Amino acid sequence: MSQILPYFPLLGEGLLITIALTIAGMVLAVVVAFAAGIARMSHRRWLSWPASVFIEVFRGTSMLVQLFWLFFALPFFGIQLVPFAAAILALGLNEGAYGAEIVRGAITALPRGQREGAVALSLSPYQRMRFVILPQAVPAMIPPFGNVMVDLLKNTSLVSLVTVADLTFTAQMVRNTTGATAAVFGTILVLYFVVAYVLSLGSSWLERRVDPTRPAQAQSFWQRVLPDRRVTS
């Protein structure tokens, strides 16, 4: 262990890059998940078919292959991405495809009466989604999205293959310099676990804050809308 102590600042820099990749990748993954998940449920085929193809392709292929395509193959089509941008795209698109099914599953699990009530009030599709469906579906998405974020963190180790100086990349550099394989990879094992545990704690805290068993969100909407809108027979 004493062999790698001088390299701890270098490992710390790699850890910061890993955390930055995790945060940026998760932001993109959430955006992609909601866009693809809602689009897949659309009755318009020009929306649902591309979303379905995207989800199946990115779920059915290796993220490592996707990463290599984004970094090494796109330049043949005139698109050159820096390693960090390619890494974020690969992480966000891959995990977003899995998140899209979480979004779709949470929305379709809502009682049918919620949609029927919103339709009876003559709400537009956007209003139904914004004020009725999503406030009730989002709490159910939090636990599986927490798992997606931990999985995204672990997948950041793959970006070292396209020269992103993340934690795994710096660990390999330190191992090549010192030869202390067990000490180096034992250290990053602990670091990955600590970050993953913090993410799990954050997900659990958010899940408690937005308790899906409480109907307050749906009630507050109906209490706001019913006095102002009348359903005619």
# chains A, B, ... in the order shown; residues from 1 in each chain; ligands from 1

$ residues_around --residues "Glu101 of chain A" --least-positions-apart "3" --cutoff "9 Å" --atoms "only C-alpha atoms" --output "VMD selection string"
chain A and resid 33 36 to 37 55 96 to 98 104 to 106

$ residues_around --residues "Gly117 of chain A" --least-positions-apart "3" --cutoff "10 Å" --atoms "only C-alpha atoms" --output "ChimeraX atom specification"
/A:112-114,120-123,128,132,222,231

$ write_last_selection --atoms "N, CA and C atoms" --output "PDB file, in the first residue's frame"
ATOM      1  N   ARG A 112     -56.440   3.169 -14.602  1.00  0.00           N
ATOM      2  CA  ARG A 112     -57.039   3.737 -15.813  1.00  0.00           C
ATOM      3  C   ARG A 112     -57.969   4.895 -15.502  1.00  0.00           C
ATOM      4  N   GLY A 113     -58.553   4.877 -14.315  1.00  0.00           N
ATOM      5  CA  GLY A 113     -59.483   5.932 -13.936  1.00  0.00           C
ATOM      6  C   GLY A 113     -58.846   7.311 -13.889  1.00  0.00           C
ATOM      7  N   GLN A 114     -57.539   7.378 -13.620  1.00  0.00           N
ATOM      8  CA  GLN A 114     -56.872   8.671 -13.600  1.00  0.00           C
ATOM      9  C   GLN A 114     -56.890   9.317 -14.991  1.00  0.00           C
ATOM     10  N   ALA A 120     -62.232  13.360 -19.024  1.00  0.00           N
ATOM     11  CA  ALA A 120     -63.563  13.903 -18.739  1.00  0.00           C
ATOM     12  C   ALA A 120     -63.515  15.395 -18.440  1.00  0.00           C
ATOM     13  N   LEU A 121     -62.383  15.864 -17.937  1.00  0.00           N
ATOM     14  CA  LEU A 121     -62.230  17.284 -17.659  1.00  0.00           C
ATOM     15  C   LEU A 121     -61.743  18.066 -18.876  1.00  0.00           C
ATOM     16  N   SER A 122     -61.663  17.381 -20.020  1.00  0.00           N
ATOM     17  CA  SER A 122     -61.251  18.007 -21.285  1.00  0.00           C
ATOM     18  C   SER A 122     -59.828  18.544 -21.238  1.00  0.00           C
ATOM     19  N   LEU A 123     -58.977  17.862 -20.504  1.00  0.00           N
ATOM     20  CA  LEU A 123     -57.567  18.256 -20.478  1.00  0.00           C
ATOM     21  C   LEU A 123     -56.875  17.785 -21.754  1.00  0.00           C
ATOM     22  N   ARG A 128     -52.724  16.319 -19.373  1.00  0.00           N
ATOM     23  CA  ARG A 128     -52.908  15.039 -18.689  1.00  0.00           C
ATOM     24  C   ARG A 128     -51.562  14.478 -18.228  1.00  0.00           C
ATOM     25  N   VAL A 132     -51.386  15.176 -14.264  1.00  0.00           N
ATOM     26  CA  VAL A 132     -52.075  14.023 -13.682  1.00  0.00           C
ATOM     27  C   VAL A 132     -51.177  12.785 -13.661  1.00  0.00           C
ATOM     28  N   TRP A 222     -56.512  17.439  -8.270  1.00  0.00           N
ATOM     29  CA  TRP A 222     -57.963  17.400  -8.454  1.00  0.00           C
ATOM     30  C   TRP A 222     -58.647  18.512  -7.650  1.00  0.00           C
ATOM     31  N   VAL A 231     -67.810  19.312 -15.227  1.00  0.00           N
ATOM     32  CA  VAL A 231     -68.056  18.254 -16.174  1.00  0.00           C
ATOM     33  C   VAL A 231     -69.541  18.238 -16.505  1.00  0.00           C
TER      34      VAL A 231
END

$ closest_residue --among "A:Val184, A:Ala85, A:Leu134, A:Leu64" --to "Phe34 of chain A" --atoms "only C-alpha atoms"
A:Leu134

$ closest_residue --among "A:Gln136, A:Ser200, A:Thr61, A:Ser157" --to "Thr170 of chain A" --atoms "only C-alpha atoms"
A:Ser157

$ residues_around --residues "Ser62 of chain A" --least-positions-apart "4" --cutoff "12 Å" --atoms "only C-alpha atoms" --output "list in words"
Glu56, Val57, Phe58, Gln66, Leu67, Phe68, Trp69, Ala90, Leu91, Leu93, Asn94, Glu95, Asn155 and Leu158 of chain A

$ residues_around --residues "Ala171 of chain A" --least-positions-apart "5" --cutoff "9 Å" --atoms "only C-alpha atoms" --output "count of residues only"
9

$ closest_atom_pairs --of "segment 99-125 of chain A" --to "segment 19-30 of chain A" --cutoff "12 Å" --atoms "only C-alpha atoms" --output "JSON lines"
{"residue": "A:Gly99", "atom": "CA", "partner": "A:Val30", "partner_atom": "CA", "distance": 7.0}
{"residue": "A:Ala100", "atom": "CA", "partner": "A:Val30", "partner_atom": "CA", "distance": 8.4}
{"residue": "A:Glu101", "atom": "CA", "partner": "A:Val30", "partner_atom": "CA", "distance": 11.6}
{"residue": "A:Ile102", "atom": "CA", "partner": "A:Val30", "partner_atom": "CA", "distance": 10.5}
{"residue": "A:Val103", "atom": "CA", "partner": "A:Val30", "partner_atom": "CA", "distance": 9.5}

$ atom_distance --atom1 "atom CA of Ala87 of chain A" --atom2 "atom CA of Tyr192 of chain A"
17.8 Å

$ residues_around --residues "Leu5 of chain A" --least-positions-apart "2" --cutoff "12 Å" --atoms "only C-alpha atoms" --output "list in words"
Met1, Ser2, Gln3, Tyr7, Phe8, Pro9, Leu10, Leu11, Gly12, Val174, Thr178, Ala180, Ala183, Val184 and Thr187 of chain A

$ closest_residue --among "A:Val65, A:Arg44, A:Leu16, A:Val195" --to "Leu152 of chain A" --atoms "only C-alpha atoms"
A:Val195

$ select_by_dssp --residues "segment 3-60 of chain A" --states "alpha helix (DSSP H)" --output "number ranges by chain"
A: 8-40, 45-60

$ decode --residues "segment 33-184 of chain A" --atoms "C-alpha atoms" --output "short mmCIF file (atom, residue, chain, number, x, y, z; two decimals), in the first residue's frame"
data_model
loop_
_atom_site.label_atom_id
_atom_site.label_comp_id
_atom_site.auth_asym_id
_atom_site.auth_seq_id
_atom_site.Cartn_x
_atom_site.Cartn_y
_atom_site.Cartn_z
CA ALA A 33 -35.54 7.95 -20.81
CA PHE A 34 -38.51 10.31 -20.58
CA ALA A 35 -38.36 11.27 -24.25
CA ALA A 36 -38.06 7.70 -25.55
CA GLY A 37 -40.42 6.18 -22.96
CA ILE A 38 -43.24 8.64 -23.65
CA ALA A 39 -42.63 8.54 -27.41
CA ARG A 40 -42.88 4.75 -27.42
CA MET A 41 -46.35 5.01 -25.92
CA SER A 42 -47.53 7.44 -28.59
CA HIS A 43 -50.26 6.40 -31.02
CA ARG A 44 -48.34 8.18 -33.77
CA ARG A 45 -46.16 5.62 -35.50
CA TRP A 46 -43.60 8.20 -36.62
CA LEU A 47 -42.89 8.69 -32.89
CA SER A 48 -43.36 5.20 -31.47
CA TRP A 49 -41.39 3.24 -34.09
CA PRO A 50 -38.13 5.24 -33.90
CA ALA A 51 -38.35 5.18 -30.09
CA SER A 52 -38.87 1.41 -30.11
CA VAL A 53 -35.94 0.88 -32.47
CA PHE A 54 -33.70 3.09 -30.35
CA ILE A 55 -34.63 1.29 -27.14
CA GLU A 56 -34.18 -2.20 -28.55
CA VAL A 57 -30.87 -1.40 -30.27
CA PHE A 58 -29.26 0.24 -27.25
CA ARG A 59 -30.58 -2.38 -24.84
CA GLY A 60 -29.62 -5.25 -27.12
CA THR A 61 -26.03 -4.25 -27.88
CA SER A 62 -22.96 -3.84 -25.70
CA MET A 63 -22.20 -0.41 -24.34
CA LEU A 64 -18.55 -1.05 -25.15
CA VAL A 65 -19.44 -1.48 -28.84
CA GLN A 66 -21.59 1.65 -28.71
CA LEU A 67 -18.70 3.57 -27.16
CA PHE A 68 -16.31 2.41 -29.87
CA TRP A 69 -18.81 3.37 -32.57
CA LEU A 70 -19.25 6.86 -31.16
CA PHE A 71 -15.52 7.46 -30.80
CA PHE A 72 -13.90 5.50 -33.64
CA ALA A 73 -16.61 5.04 -36.31
CA LEU A 74 -18.34 8.45 -36.37
CA PRO A 75 -15.21 10.21 -37.71
CA PHE A 76 -15.70 8.23 -40.95
CA PHE A 77 -19.01 10.10 -41.29
CA GLY A 78 -17.42 13.46 -40.58
CA ILE A 79 -18.35 13.61 -36.88
CA GLN A 80 -15.43 13.80 -34.46
CA LEU A 81 -16.19 13.64 -30.75
CA VAL A 82 -13.72 14.29 -27.97
CA PRO A 83 -13.32 11.28 -25.64
CA PHE A 84 -15.27 12.88 -22.77
CA ALA A 85 -18.24 13.75 -25.00
CA ALA A 86 -18.26 10.27 -26.56
CA ALA A 87 -18.22 8.74 -23.08
CA ILE A 88 -21.16 10.82 -21.86
CA LEU A 89 -23.16 10.04 -25.01
CA ALA A 90 -22.54 6.31 -24.70
CA LEU A 91 -23.43 6.25 -21.01
CA GLY A 92 -26.50 8.47 -21.39
CA LEU A 93 -27.94 6.74 -24.44
CA ASN A 94 -27.34 3.22 -23.14
CA GLU A 95 -28.76 3.82 -19.68
CA GLY A 96 -31.49 6.04 -21.11
CA ALA A 97 -32.73 3.11 -23.18
CA TYR A 98 -33.14 1.07 -19.99
CA GLY A 99 -34.70 4.05 -18.23
CA ALA A 100 -37.23 4.44 -21.04
CA GLU A 101 -38.79 1.11 -20.09
CA ILE A 102 -38.93 2.26 -16.46
CA VAL A 103 -40.82 5.38 -17.52
CA ARG A 104 -43.20 3.41 -19.75
CA GLY A 105 -43.83 0.79 -17.06
CA ALA A 106 -44.55 3.36 -14.35
CA ILE A 107 -46.98 5.27 -16.56
CA THR A 108 -48.88 2.21 -17.77
CA ALA A 109 -49.16 0.95 -14.17
CA LEU A 110 -51.35 3.90 -13.17
CA PRO A 111 -55.05 3.18 -12.65
CA ARG A 112 -57.04 3.74 -15.81
CA GLY A 113 -59.48 5.93 -13.94
CA GLN A 114 -56.87 8.67 -13.60
CA ARG A 115 -56.64 9.06 -17.36
CA GLU A 116 -60.40 8.80 -17.80
CA GLY A 117 -60.96 11.50 -15.20
CA ALA A 118 -58.48 13.79 -16.92
CA VAL A 119 -60.16 13.17 -20.29
CA ALA A 120 -63.56 13.90 -18.74
CA LEU A 121 -62.23 17.28 -17.66
CA SER A 122 -61.25 18.01 -21.28
CA LEU A 123 -57.57 18.26 -20.48
CA SER A 124 -55.19 18.20 -23.41
CA PRO A 125 -52.71 15.28 -23.76
CA TYR A 126 -49.94 17.56 -22.50
CA GLN A 127 -52.00 18.63 -19.47
CA ARG A 128 -52.91 15.04 -18.69
CA MET A 129 -49.26 14.01 -18.78
CA ARG A 130 -47.95 17.09 -16.96
CA PHE A 131 -50.51 17.47 -14.18
CA VAL A 132 -52.07 14.02 -13.68
CA ILE A 133 -49.91 11.16 -14.93
CA LEU A 134 -46.32 12.18 -14.24
CA PRO A 135 -46.87 13.48 -10.66
CA GLN A 136 -48.16 10.01 -9.76
CA ALA A 137 -45.77 7.96 -11.91
CA VAL A 138 -42.48 9.67 -11.03
CA PRO A 139 -42.36 8.41 -7.41
CA ALA A 140 -42.58 4.84 -8.69
CA MET A 141 -39.64 5.50 -11.03
CA ILE A 142 -37.22 6.61 -8.31
CA PRO A 143 -36.08 3.19 -6.97
CA PRO A 144 -35.33 1.66 -10.41
CA PHE A 145 -33.68 4.91 -11.55
CA GLY A 146 -31.44 4.62 -8.49
CA ASN A 147 -30.34 1.21 -9.76
CA VAL A 148 -29.74 2.69 -13.22
CA MET A 149 -27.50 5.37 -11.74
CA VAL A 150 -25.41 2.81 -9.84
CA ASP A 151 -25.14 0.75 -13.01
CA LEU A 152 -24.07 3.85 -14.93
CA LEU A 153 -21.35 4.49 -12.34
CA LYS A 154 -19.97 1.00 -12.81
CA ASN A 155 -20.08 1.35 -16.60
CA THR A 156 -17.87 4.45 -16.42
CA SER A 157 -14.94 2.06 -16.05
CA LEU A 158 -15.34 1.23 -19.75
CA VAL A 159 -14.55 4.75 -20.89
CA SER A 160 -10.89 4.24 -20.04
CA LEU A 161 -10.69 2.30 -23.33
CA VAL A 162 -11.17 5.56 -25.26
CA THR A 163 -8.48 7.36 -23.22
CA VAL A 164 -10.77 9.17 -20.77
CA ALA A 165 -8.67 9.61 -17.62
CA ASP A 166 -11.27 8.28 -15.21
CA LEU A 167 -10.60 6.27 -12.05
CA THR A 168 -9.96 3.02 -13.89
CA PHE A 169 -7.64 4.70 -16.41
CA THR A 170 -5.53 6.34 -13.68
CA ALA A 171 -5.49 3.08 -11.73
CA GLN A 172 -4.02 1.29 -14.72
CA MET A 173 -1.37 3.99 -15.04
CA VAL A 174 -0.44 3.64 -11.37
CA ARG A 175 -0.34 -0.15 -11.65
CA ASN A 176 1.96 0.03 -14.67
CA THR A 177 4.26 2.38 -12.77
CA THR A 178 4.36 0.62 -9.41
CA GLY A 179 3.44 -2.96 -10.23
CA ALA A 180 1.23 -3.01 -7.12
CA THR A 181 -1.79 -4.61 -8.79
CA ALA A 182 -3.58 -5.78 -5.64
CA ALA A 183 -3.15 -2.49 -3.78
CA VAL A 184 -4.22 -0.32 -6.74
#
